[in-house]
$ cat entry08.csv   # CSV, C-alpha atoms
chain,number,residue,atom,x,y,z
G,17,MET,CA,-50.7,32.2,22.9
G,18,ASP,CA,-51.5,34.7,20.2
G,19,ILE,CA,-49.6,36.9,22.4
G,20,PHE,CA,-46.6,36.4,20.3
G,21,ILE,CA,-47.9,38.6,17.7
G,22,VAL,CA,-46.7,41.4,19.8
G,23,SER,CA,-43.2,41.3,18.5
G,24,LEU,CA,-43.7,42.2,14.9
G,25,LEU,CA,-46.1,45.0,15.6
G,26,ILE,CA,-43.1,46.6,17.3
G,27,ILE,CA,-41.1,46.3,14.2
G,28,SER,CA,-43.8,48.2,12.4
G,29,SER,CA,-43.4,50.8,15.1
G,30,LEU,CA,-39.8,51.1,14.0
G,31,ASN,CA,-41.0,52.2,10.6
G,32,MET,CA,-43.5,54.5,12.2
G,33,TYR,CA,-41.0,56.4,14.2
G,34,SER,CA,-38.3,56.8,11.5
G,35,CYS,CA,-40.5,57.7,8.6
G,36,GLY,CA,-40.5,61.4,8.2
G,37,SER,CA,-39.9,64.6,10.2
G,38,SER,CA,-41.8,66.0,13.1
G,39,SER,CA,-43.0,68.8,10.9
G,40,ASP,CA,-45.0,66.7,8.5
G,41,LEU,CA,-46.0,63.6,10.5
G,42,PRO,CA,-48.3,63.2,13.5
G,43,GLY,CA,-47.1,62.5,17.0
G,44,ASN,CA,-43.8,64.4,16.8
G,45,ILE,CA,-42.3,61.5,14.9
G,46,THR,CA,-38.7,62.2,13.9
G,47,LYS,CA,-36.3,60.7,11.4
G,48,CYS,CA,-33.4,58.5,12.4
G,49,LYS,CA,-30.1,57.9,10.5
G,50,ILE,CA,-30.2,54.4,9.0
G,51,ALA,CA,-27.4,53.1,11.2
G,52,ASP,CA,-28.4,54.8,14.4
G,53,GLU,CA,-29.4,51.9,16.6
G,54,LYS,CA,-30.2,54.1,19.7
G,55,CYS,CA,-32.5,56.3,17.7
G,56,LEU,CA,-34.4,53.4,16.2
G,57,LEU,CA,-34.7,51.7,19.7
G,58,ASP,CA,-36.0,54.9,21.2
G,59,GLY,CA,-38.4,55.3,18.3
G,60,MET,CA,-39.9,51.9,18.7
G,61,ASN,CA,-40.5,52.5,22.4
G,62,TYR,CA,-41.9,55.9,21.7
G,63,VAL,CA,-44.5,54.6,19.3
G,64,LEU,CA,-45.3,51.7,21.6
G,65,ASN,CA,-45.7,54.0,24.6
G,66,ASN,CA,-47.7,56.7,22.9
G,67,PHE,CA,-49.7,55.0,20.2
G,68,ALA,CA,-50.3,51.4,21.3
G,69,THR,CA,-53.9,52.2,22.2
G,70,THR,CA,-54.7,54.4,19.2
G,71,GLY,CA,-52.6,53.4,16.3
G,72,ILE,CA,-51.5,55.9,13.6
G,73,LYS,CA,-54.0,55.8,10.8
G,74,GLU,CA,-52.0,58.1,8.6
G,75,LEU,CA,-49.0,55.8,8.8
G,76,GLY,CA,-50.8,52.5,8.4
G,77,LEU,CA,-50.2,51.4,12.0
G,78,VAL,CA,-53.1,49.6,13.5
G,79,LYS,CA,-54.1,49.8,17.2
G,80,LEU,CA,-51.9,47.5,19.1
G,81,ASP,CA,-53.6,47.3,22.5
G,82,PRO,CA,-56.0,45.7,22.3
G,83,LEU,CA,-55.0,44.2,19.0
G,84,HIS,CA,-57.9,42.6,17.1
G,85,ILE,CA,-57.2,39.2,15.7
G,86,LYS,CA,-59.8,38.0,13.2
G,87,LYS,CA,-58.8,34.4,13.1
G,88,PHE,CA,-56.0,32.2,14.4
G,89,SER,CA,-55.8,28.4,14.0
G,90,LEU,CA,-53.7,25.5,15.1
G,91,ALA,CA,-53.8,22.1,13.4
G,92,LYS,CA,-53.5,18.6,14.9
G,93,ASN,CA,-50.1,16.9,15.0
G,94,PRO,CA,-50.5,13.2,15.4
G,95,ASN,CA,-46.8,12.8,16.4
G,96,SER,CA,-47.2,15.2,19.3
G,97,PRO,CA,-48.5,14.6,22.8
G,98,VAL,CA,-50.4,17.9,22.4
G,99,SER,CA,-52.4,17.3,19.2
G,100,ILE,CA,-55.3,19.8,18.8
G,101,ASP,CA,-57.4,21.5,16.3
G,102,MET,CA,-57.9,25.0,17.9
G,103,THR,CA,-59.3,28.1,16.4
G,104,PHE,CA,-59.7,31.6,17.9
G,105,SER,CA,-62.1,34.1,16.1
G,106,ASN,CA,-62.5,37.8,16.7
G,107,ALA,CA,-60.0,37.7,19.6
G,108,GLU,CA,-58.1,40.4,21.3
G,109,LEU,CA,-54.4,40.6,22.4
G,110,ILE,CA,-54.0,42.7,25.5
G,111,GLY,CA,-50.9,44.1,27.1
G,112,LEU,CA,-48.6,45.6,24.4
G,113,ARG,CA,-48.8,49.0,25.9
G,114,SER,CA,-46.6,47.9,28.8
G,115,SER,CA,-44.0,46.2,26.7
G,116,GLN,CA,-40.5,47.6,26.1
G,117,VAL,CA,-38.1,47.0,23.2
G,118,LYS,CA,-34.7,46.1,24.7
G,119,ARG,CA,-32.5,45.7,21.6
G,120,THR,CA,-32.7,46.2,17.8
G,121,SER,CA,-30.4,46.0,14.9
G,122,THR,CA,-30.4,48.6,12.1
G,123,PHE,CA,-31.4,48.8,8.5
G,124,THR,CA,-29.1,48.9,5.5
G,125,ARG,CA,-30.0,50.7,2.3
G,126,GLU,CA,-29.9,47.5,0.3
G,127,LEU,CA,-31.8,45.6,3.0
G,128,SER,CA,-29.0,43.1,2.7
G,129,ARG,CA,-29.3,41.8,6.3
G,130,PRO,CA,-32.2,40.8,8.5
G,131,ILE,CA,-33.5,43.1,11.3
G,132,ALA,CA,-33.4,41.5,14.7
G,133,PHE,CA,-34.9,42.7,18.0
G,134,GLU,CA,-35.8,41.7,21.5
G,135,MET,CA,-38.7,42.9,23.6
G,136,PHE,CA,-40.0,42.3,27.1
G,137,SER,CA,-43.6,42.2,28.0
G,138,PRO,CA,-44.7,41.8,31.7
G,139,LYS,CA,-48.0,40.2,30.7
G,140,LEU,CA,-49.8,39.4,27.4
G,141,THR,CA,-53.3,38.0,27.3
G,142,LEU,CA,-55.3,36.6,24.5
G,143,LYS,CA,-59.1,36.7,25.0
G,144,GLY,CA,-61.9,35.6,22.7
G,145,PRO,CA,-64.2,32.9,21.3
G,146,TYR,CA,-62.5,29.6,20.7
G,147,SER,CA,-63.2,26.0,19.6
G,148,ILE,CA,-60.9,23.0,20.3
G,149,ASP,CA,-60.8,19.3,19.7
G,150,GLY,CA,-58.0,16.7,20.2
G,151,LYS,CA,-55.8,15.5,23.0
G,152,VAL,CA,-53.5,17.2,25.5
G,153,LEU,CA,-50.9,14.9,27.0
G,154,ILE,CA,-53.0,12.0,28.4
G,155,LEU,CA,-56.5,13.5,28.1
G,156,PRO,CA,-58.9,14.1,25.3
G,157,ILE,CA,-60.1,17.7,25.0
G,158,VAL,CA,-63.2,19.2,23.3
G,159,GLY,CA,-64.9,22.6,23.9
G,160,LYS,CA,-66.3,25.8,22.5
G,161,GLY,CA,-66.8,29.1,24.3
G,162,ASP,CA,-64.6,31.9,25.6
G,163,ALA,CA,-60.9,31.5,26.3
G,164,GLU,CA,-58.2,33.5,28.1
G,165,ILE,CA,-54.6,32.6,27.7
G,166,SER,CA,-51.9,34.6,29.5
G,167,LEU,CA,-48.1,34.7,29.3
G,168,ASP,CA,-46.1,36.3,32.1
G,169,ASN,CA,-42.7,38.0,31.8
G,170,VAL,CA,-42.3,37.3,28.1
G,171,LYS,CA,-39.0,37.7,26.3
G,172,VAL,CA,-39.8,38.1,22.6
G,173,SER,CA,-37.2,37.7,19.9
G,174,ALA,CA,-37.8,38.3,16.3
G,175,ILE,CA,-35.9,38.3,13.0
G,176,VAL,CA,-37.3,39.8,9.8
G,177,LYS,CA,-35.9,39.5,6.3
G,178,PHE,CA,-36.7,42.2,3.8
G,179,VAL,CA,-36.3,42.7,0.0
G,180,PRO,CA,-36.3,46.1,-1.7
G,181,VAL,CA,-39.1,46.9,-4.1
G,182,SER,CA,-38.5,49.7,-6.6
G,183,LYS,CA,-41.4,51.8,-7.8
G,184,GLY,CA,-39.3,54.4,-9.6
G,185,PRO,CA,-36.5,56.8,-8.9
G,186,GLN,CA,-36.1,57.5,-5.1
G,187,GLN,CA,-39.1,55.1,-4.6
G,188,THR,CA,-37.6,52.0,-3.0
G,189,TYR,CA,-39.9,50.3,-0.5
G,190,ALA,CA,-39.1,47.6,2.0
G,191,LYS,CA,-41.1,44.4,1.9
G,192,ALA,CA,-41.0,41.7,4.6
G,193,ILE,CA,-40.6,38.2,3.1
G,194,GLU,CA,-39.9,36.2,6.3
G,195,VAL,CA,-40.7,36.7,10.0
G,196,LYS,CA,-39.4,34.4,12.7
G,197,ILE,CA,-40.6,34.8,16.3
G,198,LYS,CA,-39.5,33.1,19.5
G,199,LEU,CA,-41.3,33.5,22.9
G,200,GLU,CA,-39.9,32.7,26.3
G,201,PRO,CA,-42.5,33.3,29.1
G,202,SER,CA,-41.9,32.6,32.7
G,203,ARG,CA,-45.4,31.2,33.0
G,204,ALA,CA,-48.4,30.4,30.8
G,205,THR,CA,-52.0,30.2,32.2
G,206,TYR,CA,-54.9,28.6,30.3
G,207,LYS,CA,-58.6,29.3,30.9
G,208,LEU,CA,-61.0,27.6,28.5
G,209,ASN,CA,-64.7,28.0,29.4
G,210,ASN,CA,-67.3,25.4,28.5
G,211,LEU,CA,-65.0,22.4,28.0
G,212,PHE,CA,-66.7,19.1,27.6
G,213,ASN,CA,-70.1,20.8,27.1
G,214,GLY,CA,-69.8,22.3,30.6
G,215,GLN,CA,-69.0,19.2,32.6
G,216,LYS,CA,-67.2,20.8,35.5
G,217,ASP,CA,-65.3,17.7,36.8
G,218,LEU,CA,-63.8,17.0,33.4
G,219,SER,CA,-63.0,20.7,32.9
G,220,ASP,CA,-61.4,21.1,36.3
G,221,ASN,CA,-59.2,18.0,35.7
G,222,LEU,CA,-58.1,19.2,32.3
G,223,HIS,CA,-57.3,22.7,33.6
G,224,VAL,CA,-55.2,21.2,36.4
G,225,LEU,CA,-53.3,19.1,33.9
G,226,ILE,CA,-52.5,21.9,31.3
G,227,ASN,CA,-51.7,24.5,33.9
G,228,GLU,CA,-49.4,22.3,36.0
G,229,ASN,CA,-47.7,21.2,32.8
G,230,TRP,CA,-47.9,24.5,31.0
G,231,ARG,CA,-44.3,24.4,29.9
G,232,GLU,CA,-44.7,21.1,28.1
G,233,VAL,CA,-48.0,22.2,26.5
G,234,PHE,CA,-46.4,25.5,25.4
G,235,SER,CA,-43.3,23.8,24.0
G,236,GLU,CA,-45.3,21.3,21.9
G,237,LEU,CA,-47.4,24.1,20.3
G,238,GLN,CA,-44.5,26.4,19.7
G,239,PRO,CA,-43.8,25.6,16.0
G,240,ASP,CA,-47.4,26.1,14.9
G,241,ILE,CA,-47.9,29.2,17.0
G,242,PHE,CA,-44.7,30.9,16.0
G,243,GLY,CA,-45.3,30.1,12.3
G,244,ALA,CA,-48.9,31.5,12.4
G,245,MET,CA,-47.8,34.6,14.3
G,246,GLY,CA,-45.0,35.2,11.8
G,247,LEU,CA,-47.6,35.3,8.9
G,248,ILE,CA,-49.9,37.6,10.8
G,249,PHE,CA,-47.1,40.1,11.6
G,250,LYS,CA,-45.7,40.0,8.1
G,251,SER,CA,-49.0,41.2,6.9
G,252,VAL,CA,-49.3,44.0,9.5
G,253,LEU,CA,-45.7,45.0,8.9
G,254,ASN,CA,-46.0,45.2,5.1
G,255,LYS,CA,-49.1,47.4,5.4
G,256,ALA,CA,-47.1,49.9,7.4
G,257,LEU,CA,-44.0,49.7,5.2
G,258,SER,CA,-46.0,50.4,2.1
G,259,LYS,CA,-46.7,54.0,3.2
G,260,TYR,CA,-43.2,55.5,2.6
G,261,PRO,CA,-40.1,54.6,0.5
G,262,LEU,CA,-36.8,54.1,2.2
G,263,GLU,CA,-35.6,57.4,0.8
G,264,GLN,CA,-38.1,59.1,3.1
G,265,LEU,CA,-37.8,56.9,6.1
G,266,PHE,CA,-34.3,58.0,7.2
G,267,SER,CA,-32.6,61.3,7.6
G,268,ASP,CA,-29.3,60.4,5.9
G,269,PRO,CA,-29.3,60.5,2.0

$ encode --input "entry08.csv" --output "structure tokens"
Amino acid sequence: MDIFIVSLLIISSLNMYSCGSSSDLPGNITKCKIADEKCLLDGMNYVLNNFATTGIKELGLVKLDPLHIKKFSLAKNPNSPVSIDMTFSNAELIGLRSSQVKRTSTFTRELSRPIAFEMFSPKLTLKGPYSIDGKVLILPIVGKGDAEISLDNVKVSAIVKFVPVSKGPQQTYAKAIEVKIKLEPSRATYKLNNLFNGQKDLSDNLHVLINENWREVFSELQPDIFGAMGLIFKSVLNKALSKYPLEQLFSDP
């Protein structure tokens, strides 16, 4: 489910592509005009296709595939049929390198409107150590071990709000203050090792339940997942945006 963090790393890619000229930045990165939607779209896909597995250290862009996630948590919701305390630690998100940005809006100098974009990912997988306790639909669930959660054919939509931060003449930086993410997969698959202290019958029954009812499980967890992912991506995005002022990000004055 952490798979949703994908989206905002791509927005940071937008920054990576547009910030500077090919003569002074690695990877033949070129500037875009601030209102050139096609250039920005091509730039996001350029960074994703060429730097997903390496990142760009000089520009503050972390490696996207696999993307290391130190910690990700969901809290119980007593009013939901899916009420769980679930934590991933030192997990990896895999599959961003095969994603493609389909649409993006453009910046304004004053950052007066949010940036929106859509991306498609054939498959995104979150793998790593987990712990879980609570209930899923009609069954209790408890476990601790390794998990693998996959989303197929994922449409990712994201909206990011920015504010300008002035650090002097011609030194205006963009700061992300809100990130909203929406995921629409065609399928979700859950594999949780060592449920119920390794009791196979109970584990098999639970896996049948959550995978046959994947849409209901996914829907109930969406608000917490998307909120957590938005915070993670805001942090990643602001790290990238802190490297260059807007005056250097785009080719038009």

$ atom_distance --input "entry08.csv" --atom1 "CA of His223 in chain G" --atom2 "CA of Leu208 in chain G"
8.0 Å

$ closest_residue --input "entry08.csv" --among "G:Gln186, G:Ser89, G:Thr122, G:Asn209" --to "Ile248 in chain G" --atoms "all atoms listed in the file"
G:Ser89

$ closest_residue --input "entry08.csv" --among "G:Ser105, G:Ser114, G:Ser219, G:Ser128" --to "Lys86 in chain G" --atoms "all atoms listed in the file"
G:Ser105

$ residues_around --input "entry08.csv" --residues "His84 in chain G" --least-positions-apart "5" --cutoff "9 Å" --atoms "only C-alpha atoms" --output "PDB file with C-alpha atoms, in the frame of the given file"
ATOM      1  CA  LYS G  79     -54.100  49.800  17.200  1.00  0.00           C
ATOM      2  CA  ASN G 106     -62.500  37.800  16.700  1.00  0.00           C
ATOM      3  CA  ALA G 107     -60.000  37.700  19.600  1.00  0.00           C
ATOM      4  CA  GLU G 108     -58.100  40.400  21.300  1.00  0.00           C
ATOM      5  CA  LEU G 109     -54.400  40.600  22.400  1.00  0.00           C
TER       6      LEU G 109
END

$ atom_distance --input "entry08.csv" --atom1 "CA of Leu265 in chain G" --atom2 "CA of Lys198 in chain G"
27.4 Å

$ closest_atom_pairs --input "entry08.csv" --of "range 167-200 of chain G" --to "range 243-246 of chain G" --cutoff "8 Å" --atoms "all atoms listed in the file" --output "CSV"
residue,atom,partner,partner_atom,distance
G:Glu194,CA,G:Gly246,CA,7.6
G:Val195,CA,G:Gly246,CA,4.9
G:Lys196,CA,G:Gly246,CA,5.7
G:Ile197,CA,G:Gly246,CA,6.3

$ write_last_selection --input "entry08.csv" --atoms "C-alpha atoms" --output "tab-separated table (two decimals), keeping the file's coordinate frame"
chain	number	residue	atom	x	y	z
G	194	GLU	CA	-39.90	36.20	6.30
G	195	VAL	CA	-40.70	36.70	10.00
G	196	LYS	CA	-39.40	34.40	12.70
G	197	ILE	CA	-40.60	34.80	16.30

$ closest_residue --input "entry08.csv" --among "G:Ala192, G:Ile148, G:Val117, G:Leu153" --to "Phe88 in chain G" --atoms "only C-alpha atoms"
G:Ile148

$ atom_distance --input "entry08.csv" --atom1 "CA of Ile154 in chain G" --atom2 "CA of Asp240 in chain G"
20.3 Å

$ closest_residue --input "entry08.csv" --among "G:Gln238, G:Ser147, G:Thr141, G:Thr120" --to "Glu53 in chain G" --atoms "all atoms listed in the file"
G:Thr120

$ closest_residue --input "entry08.csv" --among "G:Gly71, G:Gly150, G:Gly144, G:Gly214" --to "Asp162 in chain G" --atoms "only C-alpha atoms"
G:Gly144

$ closest_residue --input "entry08.csv" --among "G:Ile100, G:Leu56, G:Leu83, G:Val181" --to "Lys118 in chain G" --atoms "all atoms listed in the file"
G:Leu56

$ decode --input "entry08.csv" --residues "range 117-128 of chain G" --atoms "all heavy atoms" --output "PDB file, in the first residue's frame"
ATOM      1  N   VAL G 117       4.321   9.321 -16.336  1.00  0.00           N
ATOM      2  CA  VAL G 117       3.469  10.465 -16.047  1.00  0.00           C
ATOM      3  C   VAL G 117       2.642  10.766 -17.288  1.00  0.00           C
ATOM      4  O   VAL G 117       3.168  10.913 -18.390  1.00  0.00           O
ATOM      5  CB  VAL G 117       4.298  11.691 -15.636  1.00  0.00           C
ATOM      6  CG1 VAL G 117       3.388  12.858 -15.259  1.00  0.00           C
ATOM      7  CG2 VAL G 117       5.215  11.343 -14.475  1.00  0.00           C
ATOM      8  N   LYS G 118       1.328  10.859 -17.126  1.00  0.00           N
ATOM      9  CA  LYS G 118       0.426  11.049 -18.258  1.00  0.00           C
ATOM     10  C   LYS G 118      -0.015  12.498 -18.436  1.00  0.00           C
ATOM     11  O   LYS G 118      -0.324  12.928 -19.548  1.00  0.00           O
ATOM     12  CB  LYS G 118      -0.820  10.172 -18.075  1.00  0.00           C
ATOM     13  CG  LYS G 118      -0.541   8.678 -18.070  1.00  0.00           C
ATOM     14  CD  LYS G 118      -0.094   8.198 -19.436  1.00  0.00           C
ATOM     15  CE  LYS G 118      -0.014   6.692 -19.499  1.00  0.00           C
ATOM     16  NZ  LYS G 118       0.404   6.214 -20.842  1.00  0.00           N
ATOM     17  N   ARG G 119      -0.087  13.232 -17.339  1.00  0.00           N
ATOM     18  CA  ARG G 119      -0.577  14.607 -17.422  1.00  0.00           C
ATOM     19  C   ARG G 119      -0.004  15.414 -16.276  1.00  0.00           C
ATOM     20  O   ARG G 119       0.191  14.896 -15.172  1.00  0.00           O
ATOM     21  CB  ARG G 119      -2.107  14.638 -17.343  1.00  0.00           C
ATOM     22  CG  ARG G 119      -2.724  16.020 -17.536  1.00  0.00           C
ATOM     23  CD  ARG G 119      -4.236  15.964 -17.361  1.00  0.00           C
ATOM     24  NE  ARG G 119      -4.609  15.684 -15.979  1.00  0.00           N
ATOM     25  CZ  ARG G 119      -4.682  16.612 -15.031  1.00  0.00           C
ATOM     26  NH1 ARG G 119      -4.391  17.879 -15.301  1.00  0.00           N
ATOM     27  NH2 ARG G 119      -5.044  16.285 -13.801  1.00  0.00           N
ATOM     28  N   THR G 120       0.272  16.691 -16.519  1.00  0.00           N
ATOM     29  CA  THR G 120       0.713  17.588 -15.454  1.00  0.00           C
ATOM     30  C   THR G 120       0.245  18.994 -15.748  1.00  0.00           C
ATOM     31  O   THR G 120       0.087  19.383 -16.905  1.00  0.00           O
ATOM     32  CB  THR G 120       2.245  17.579 -15.301  1.00  0.00           C
ATOM     33  OG1 THR G 120       2.622  18.430 -14.216  1.00  0.00           O
ATOM     34  CG2 THR G 120       2.943  18.064 -16.557  1.00  0.00           C
ATOM     35  N   SER G 121      -0.015  19.754 -14.711  1.00  0.00           N
ATOM     36  CA  SER G 121      -0.252  21.183 -14.880  1.00  0.00           C
ATOM     37  C   SER G 121       1.080  21.909 -14.720  1.00  0.00           C
ATOM     38  O   SER G 121       2.121  21.286 -14.469  1.00  0.00           O
ATOM     39  CB  SER G 121      -1.288  21.679 -13.866  1.00  0.00           C
ATOM     40  OG  SER G 121      -0.857  21.445 -12.539  1.00  0.00           O
ATOM     41  N   THR G 122       1.062  23.222 -14.854  1.00  0.00           N
ATOM     42  CA  THR G 122       2.306  23.988 -14.837  1.00  0.00           C
ATOM     43  C   THR G 122       2.387  24.890 -13.612  1.00  0.00           C
ATOM     44  O   THR G 122       1.397  25.160 -12.936  1.00  0.00           O
ATOM     45  CB  THR G 122       2.420  24.858 -16.106  1.00  0.00           C
ATOM     46  OG1 THR G 122       1.279  25.717 -16.191  1.00  0.00           O
ATOM     47  CG2 THR G 122       2.488  23.972 -17.348  1.00  0.00           C
ATOM     48  N   PHE G 123       3.596  25.376 -13.359  1.00  0.00           N
ATOM     49  CA  PHE G 123       3.836  26.323 -12.286  1.00  0.00           C
ATOM     50  C   PHE G 123       3.414  27.729 -12.686  1.00  0.00           C
ATOM     51  O   PHE G 123       3.302  28.049 -13.872  1.00  0.00           O
ATOM     52  CB  PHE G 123       5.336  26.364 -11.942  1.00  0.00           C
ATOM     53  CG  PHE G 123       5.809  25.240 -11.090  1.00  0.00           C
ATOM     54  CD1 PHE G 123       6.343  24.093 -11.658  1.00  0.00           C
ATOM     55  CD2 PHE G 123       5.744  25.334  -9.711  1.00  0.00           C
ATOM     56  CE1 PHE G 123       6.796  23.055 -10.868  1.00  0.00           C
ATOM     57  CE2 PHE G 123       6.197  24.309  -8.919  1.00  0.00           C
ATOM     58  CZ  PHE G 123       6.725  23.162  -9.491  1.00  0.00           C
ATOM     59  N   THR G 124       3.217  28.578 -11.677  1.00  0.00           N
ATOM     60  CA  THR G 124       3.186  30.028 -11.879  1.00  0.00           C
ATOM     61  C   THR G 124       4.290  30.624 -11.012  1.00  0.00           C
ATOM     62  O   THR G 124       4.706  30.033 -10.017  1.00  0.00           O
ATOM     63  CB  THR G 124       1.837  30.644 -11.456  1.00  0.00           C
ATOM     64  OG1 THR G 124       1.640  30.432 -10.048  1.00  0.00           O
ATOM     65  CG2 THR G 124       0.687  30.022 -12.241  1.00  0.00           C
ATOM     66  N   ARG G 125       4.765  31.788 -11.392  1.00  0.00           N
ATOM     67  CA  ARG G 125       5.836  32.436 -10.620  1.00  0.00           C
ATOM     68  C   ARG G 125       5.432  32.671  -9.173  1.00  0.00           C
ATOM     69  O   ARG G 125       6.225  32.548  -8.252  1.00  0.00           O
ATOM     70  CB  ARG G 125       6.209  33.773 -11.262  1.00  0.00           C
ATOM     71  CG  ARG G 125       7.041  33.662 -12.522  1.00  0.00           C
ATOM     72  CD  ARG G 125       8.452  33.249 -12.232  1.00  0.00           C
ATOM     73  NE  ARG G 125       9.243  33.152 -13.457  1.00  0.00           N
ATOM     74  CZ  ARG G 125      10.442  32.588 -13.509  1.00  0.00           C
ATOM     75  NH1 ARG G 125      10.966  32.066 -12.409  1.00  0.00           N
ATOM     76  NH2 ARG G 125      11.098  32.526 -14.626  1.00  0.00           N
ATOM     77  N   GLU G 126       4.152  33.000  -8.997  1.00  0.00           N
ATOM     78  CA  GLU G 126       3.677  33.323  -7.648  1.00  0.00           C
ATOM     79  C   GLU G 126       3.233  32.078  -6.885  1.00  0.00           C
ATOM     80  O   GLU G 126       2.824  32.169  -5.724  1.00  0.00           O
ATOM     81  CB  GLU G 126       2.502  34.304  -7.734  1.00  0.00           C
ATOM     82  CG  GLU G 126       2.831  35.623  -8.417  1.00  0.00           C
ATOM     83  CD  GLU G 126       2.842  35.494  -9.943  1.00  0.00           C
ATOM     84  OE1 GLU G 126       2.286  34.503 -10.454  1.00  0.00           O
ATOM     85  OE2 GLU G 126       3.431  36.362 -10.601  1.00  0.00           O
ATOM     86  N   LEU G 127       3.290  30.914  -7.545  1.00  0.00           N
ATOM     87  CA  LEU G 127       2.813  29.657  -6.943  1.00  0.00           C
ATOM     88  C   LEU G 127       1.377  29.806  -6.466  1.00  0.00           C
ATOM     89  O   LEU G 127       1.001  29.298  -5.406  1.00  0.00           O
ATOM     90  CB  LEU G 127       3.733  29.239  -5.788  1.00  0.00           C
ATOM     91  CG  LEU G 127       5.204  29.060  -6.145  1.00  0.00           C
ATOM     92  CD1 LEU G 127       6.007  28.719  -4.893  1.00  0.00           C
ATOM     93  CD2 LEU G 127       5.386  27.971  -7.188  1.00  0.00           C
ATOM     94  N   SER G 128       0.573  30.504  -7.268  1.00  0.00           N
ATOM     95  CA  SER G 128      -0.785  30.855  -6.861  1.00  0.00           C
ATOM     96  C   SER G 128      -1.787  29.733  -7.069  1.00  0.00           C
ATOM     97  O   SER G 128      -2.907  29.808  -6.579  1.00  0.00           O
ATOM     98  CB  SER G 128      -1.251  32.099  -7.631  1.00  0.00           C
ATOM     99  OG  SER G 128      -1.170  31.881  -9.039  1.00  0.00           O
TER     100      SER G 128
END
